[in-house]
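A.B. asks: The structure that follows is given in the form of structure tokens.
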Amino acid sequence: MSLDEMADWRKTHLTKEVTSKLIGQEVVLGGWIRNFRDLGGLKFINLQDSYGERQITMKKGVVSDELFNNTKLGYQYCIMVRGKVKKFGNAPGGIEIIPSEIKILNKTPDKLPIDMTGETTTDLDLRLNNRALDLRSVRNQAIFAIRGELIKAAREFLFDNEFKEIYTPKIIGSATEGGTELFPIMYFDREAFLTQSAQLYKEQLSGVFERVFEIGPSFRAEKSHTKRHLCEIVQLDIEIAFADMTDVLKTLEELIYFVIKNIRNNQLGSLKILEMEEKTLLPELPFPRYTYDQILDLIQKKCKIPIEWGEDISTEAYRELENILPGYYYITHWPMAIKPFYIMPSKNPKYSESFDLQKGMLELSSGGTRVHNKEHLISALELKGLNPIAFESHLNTFDFGMPPHAGLGLGIARWLTVLCGLNDIREAVMYPRTPERLTP
Ligand code: AMO
């Protein structure tokens, strides 16, 4: 069978726009065949586009014989349909389209690598291998509609609160956070790195624009094989001048509340598809706040897991804690020894003005008050065994009236995992990068 040309056909409507207001009118729709049924004298096509789906009904004797007999269909064929809108209570949107012409613009193999009808679930790796196809599934359309709303609402919240959007370089000359975990690249004849965080630049820009945010990529060369780690992430970074950690905690919880409110208002249908409408609820503000010491106490006494002061909290401990603290909560005042050099030590310098935001066992965000005094920052670098010379251009910016400032970084995919009730972070990214996966 040869393919049809689109020629001068253009969609008149998106599927979701074909409502009872258009009954009796002719429309042109385009999309993919999600499902089809052939009942002999009656054929049904579920036509999906990125906005929803509508039913195309071909009844022998109602549509032309040529159309009825010659239209050969396959799953995910790309088609355009011209037809009349008719009321039909049992179809999606209460509407069916009676076609006068169908163009088949592209076909698929007889057997698709993954089930696209939603009737069975396919293994995640196989789905990821065929991601451009997989992303058309109802489930994925819901996940990424929620992601879209998350980003839109976060931007709206931040612009409404006088933040300015920044973009910081992703190719950098030296490590931002000081550690390993960097991907080296060739920058002409020099070595450079992919950035692991917008940290230093967002701090510098808070000394210019005061309230800044960025939604951008960071790269983590960690060989972690968990359901929570990726090598390429998108972070929401926020930095606020003339502020400390307490201001950031407040901003972050208000942002979370605003985003969830918008998701519930505008994407309740997507939450329903994911069976999350009773779970992704508006959280109570303020979020509970525990110090690191209080959490340690809970882990030792209630979870009966041994943990030494100064250690990071293990996955096992977080898993147990989730039974006690299932919602959003903050852990503040971490030991300075396990926080980066740019974090401000507390009055008792064993502790730091830092926090993590948890949702159950997942860490969604971390941040804190920063050191804004250049001499302190140089000592902090040295204390962490880092060479201040490597940070010279950053340190120089502290000579020009750097204000006190504080901020946070939030992992978008981690948060989406929580909002959508996903079991694996790879589901929350269109094309995930993990130690094993570099394609597609
Ligand atoms: P941190 O390294 O804790 O802090 O990162 C902040 C948030 O980013 C997400 N995240 C990840 N998500 C998936 N895979 C990973 N490998 C991964 N690494 C981090 C998490 C995490 O909470 N500069 C600081 C932030 C700041 O202080 O402003 C930073 O990047 O959700």
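Numbering starts fresh at 1 for the residues of each chain in the structure tokens, the chains themselves are lettered A, B, ... in the order given, and ligands are numbered from 1 as they appear.
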What parts of region 109-258 of chain A does DSSP call helix (DSSP H, G or I)? I'd like the answer as a ChimeraX atom specification.
C.D. replies: /A:124-129,131-134,138-160,199-209,245-258
A.B. asks: Kindly provide, as number ranges by chain, all nucleotide and amino acid residues lying within 6 Å of ligand 1, counting only C-alpha atoms and all ligand atoms.
C.D. replies: A: 197, 199, 220, 228-231, 233, 235, 363-368, 407-411, 414
A.B. asks: So which one's closest to Leu135 (chain A), A:Ser174, A:Asn265, A:Ser50, A:Asn106? Using only C-alpha atoms, please.
C.D. replies: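 Looking at the shortest contact to Leu135 (chain A), the residue is A:Ser50.
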A.B. asks: In Å, how far is it from CA of Phe287 (chain A) to CA of Thr251 (chain A)?
C.D. replies: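 Straight-line distance from CA of Phe287 (chain A) to CA of Thr251 (chain A) works out to 11.4 Å.
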A.B. asks: Which neighbours of Asn423 (chain A) fall inside 10 Å, counting only C-alpha atoms, when residues of the same chain fewer than 5 positions from it are skipped, and could you give them as a VMD selection string?
C.D. replies: chain A and resid 227 to 228 417 to 418 428
A.B. asks: Where in region 43-226 of chain A does DSSP assign strand (DSSP E), given as a PyMOL selection string?
C.D. replies: chain A and resi 43-49+52-59+78-87+95-106+164-165+171-172+183-187+190-194+211-219
A.B. asks: With C-alpha atoms retained, export the selected residues as a PDB file, in the first residue's frame.
C.D. replies:
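out.pdb, freshly written:
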ATOM      1  CA  LYS A  43     -15.110  -0.441  12.098  1.00  0.00           C
ATOM      2  CA  PHE A  44     -13.950   1.776  14.934  1.00  0.00           C
ATOM      3  CA  ILE A  45     -10.697   3.737  15.015  1.00  0.00           C
ATOM      4  CA  ASN A  46      -9.403   5.438  18.168  1.00  0.00           C
ATOM      5  CA  LEU A  47      -7.536   8.405  16.811  1.00  0.00           C
ATOM      6  CA  GLN A  48      -5.114   9.956  19.294  1.00  0.00           C
ATOM      7  CA  ASP A  49      -3.232  13.178  19.013  1.00  0.00           C
ATOM      8  CA  GLY A  52      -6.640  13.475  23.559  1.00  0.00           C
ATOM      9  CA  GLU A  53      -8.566  11.053  21.388  1.00  0.00           C
ATOM     10  CA  ARG A  54     -11.744  10.771  19.349  1.00  0.00           C
ATOM     11  CA  GLN A  55     -13.534   7.836  17.780  1.00  0.00           C
ATOM     12  CA  ILE A  56     -13.812   7.468  14.034  1.00  0.00           C
ATOM     13  CA  THR A  57     -16.747   5.231  13.085  1.00  0.00           C
ATOM     14  CA  MET A  58     -17.052   3.543   9.688  1.00  0.00           C
ATOM     15  CA  LYS A  59     -20.359   1.804   9.089  1.00  0.00           C
ATOM     16  CA  CYS A  78      -0.133   8.220  11.221  1.00  0.00           C
ATOM     17  CA  ILE A  79      -3.377   9.350   9.597  1.00  0.00           C
ATOM     18  CA  MET A  80      -5.504  12.368   8.781  1.00  0.00           C
ATOM     19  CA  VAL A  81      -9.260  12.136   8.675  1.00  0.00           C
ATOM     20  CA  ARG A  82     -11.878  14.388   7.135  1.00  0.00           C
ATOM     21  CA  GLY A  83     -15.344  13.759   8.469  1.00  0.00           C
ATOM     22  CA  LYS A  84     -18.553  14.943  10.081  1.00  0.00           C
ATOM     23  CA  VAL A  85     -19.016  15.301  13.820  1.00  0.00           C
ATOM     24  CA  LYS A  86     -21.826  13.245  15.333  1.00  0.00           C
ATOM     25  CA  LYS A  87     -23.094  12.833  18.875  1.00  0.00           C
ATOM     26  CA  ILE A  95     -18.545  12.394  19.951  1.00  0.00           C
ATOM     27  CA  GLU A  96     -17.814  10.269  16.924  1.00  0.00           C
ATOM     28  CA  ILE A  97     -16.531  11.291  13.522  1.00  0.00           C
ATOM     29  CA  ILE A  98     -18.093   9.817  10.398  1.00  0.00           C
ATOM     30  CA  PRO A  99     -15.248   9.949   7.883  1.00  0.00           C
ATOM     31  CA  SER A 100     -15.539  10.909   4.236  1.00  0.00           C
ATOM     32  CA  GLU A 101     -11.807  10.536   3.540  1.00  0.00           C
ATOM     33  CA  ILE A 102      -8.825   9.073   5.384  1.00  0.00           C
ATOM     34  CA  LYS A 103      -5.199   9.684   4.432  1.00  0.00           C
ATOM     35  CA  ILE A 104      -2.583   7.225   5.597  1.00  0.00           C
ATOM     36  CA  LEU A 105       0.564   9.328   5.949  1.00  0.00           C
ATOM     37  CA  ASN A 106       2.829   6.704   7.489  1.00  0.00           C
ATOM     38  CA  LYS A 164      14.412  36.787  37.253  1.00  0.00           C
ATOM     39  CA  GLU A 165      15.178  33.811  35.040  1.00  0.00           C
ATOM     40  CA  ILE A 171      30.504  24.021  29.890  1.00  0.00           C
ATOM     41  CA  ILE A 172      32.816  24.970  32.697  1.00  0.00           C
ATOM     42  CA  PHE A 183      32.157  14.554  32.982  1.00  0.00           C
ATOM     43  CA  PRO A 184      35.312  15.827  31.287  1.00  0.00           C
ATOM     44  CA  ILE A 185      35.009  17.035  27.681  1.00  0.00           C
ATOM     45  CA  MET A 186      37.414  18.523  25.147  1.00  0.00           C
ATOM     46  CA  TYR A 187      37.009  22.257  24.692  1.00  0.00           C
ATOM     47  CA  ARG A 190      41.770  22.173  26.548  1.00  0.00           C
ATOM     48  CA  GLU A 191      39.996  19.999  29.045  1.00  0.00           C
ATOM     49  CA  ALA A 192      36.667  21.310  30.288  1.00  0.00           C
ATOM     50  CA  PHE A 193      33.706  19.776  32.121  1.00  0.00           C
ATOM     51  CA  LEU A 194      29.947  19.534  31.943  1.00  0.00           C
ATOM     52  CA  ARG A 211      16.149  36.954  43.158  1.00  0.00           C
ATOM     53  CA  VAL A 212      17.151  34.513  40.452  1.00  0.00           C
ATOM     54  CA  PHE A 213      16.095  31.115  39.197  1.00  0.00           C
ATOM     55  CA  GLU A 214      17.112  28.706  36.490  1.00  0.00           C
ATOM     56  CA  ILE A 215      15.545  25.550  35.125  1.00  0.00           C
ATOM     57  CA  GLY A 216      18.409  23.829  33.399  1.00  0.00           C
ATOM     58  CA  PRO A 217      20.515  20.714  32.995  1.00  0.00           C
ATOM     59  CA  SER A 218      23.260  19.449  35.279  1.00  0.00           C
ATOM     60  CA  PHE A 219      25.446  16.430  34.742  1.00  0.00           C
TER      61      PHE A 219
END
A.B. asks: Hey, which of A:Arg370, A:His376, A:Lys107, A:His13 ends up closest to Val248 (chain A)? Count only C-alpha atoms.
C.D. replies: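 Of A:Arg370, A:His376, A:Lys107, A:His13, the one nearest Val248 (chain A) is A:Arg370, counting only C-alpha atoms.
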A.B. asks: Give me the residues near Pro109 (chain A) as a list in words, where near means some atom within 10 Å (using only C-alpha atoms) and where sequence neighbours in that chain fewer than 6 positions away do not count.
C.D. replies: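 Final neighbour list, sorted by chain and number: Gly74, Tyr75, Gln76 and Tyr77 of chain A.
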A.B. asks: Do you have, as a Markdown table, the list of residues of region 184-276 of chain A lying at most 10 Å from region 398-402 of chain A, each with its nearest atom pair and that distance in Å to one decimal, counting only C-alpha atoms and ordered by chain then number?
C.D. replies:
| residue | atom | partner | partner_atom | distance |
| --- | --- | --- | --- | --- |
| A:Glu203 | CA | A:Met402 | CA | 9.0 |
| A:Gln204 | CA | A:Met402 | CA | 7.8 |
| A:Leu205 | CA | A:Met402 | CA | 9.6 |
| A:Ser206 | CA | A:Met402 | CA | 8.4 |
| A:Gly207 | CA | A:Met402 | CA | 5.3 |
| A:Val208 | CA | A:Met402 | CA | 8.6 |
| A:Ala241 | CA | A:Met402 | CA | 8.7 |
| A:Phe242 | CA | A:Met402 | CA | 9.8 |
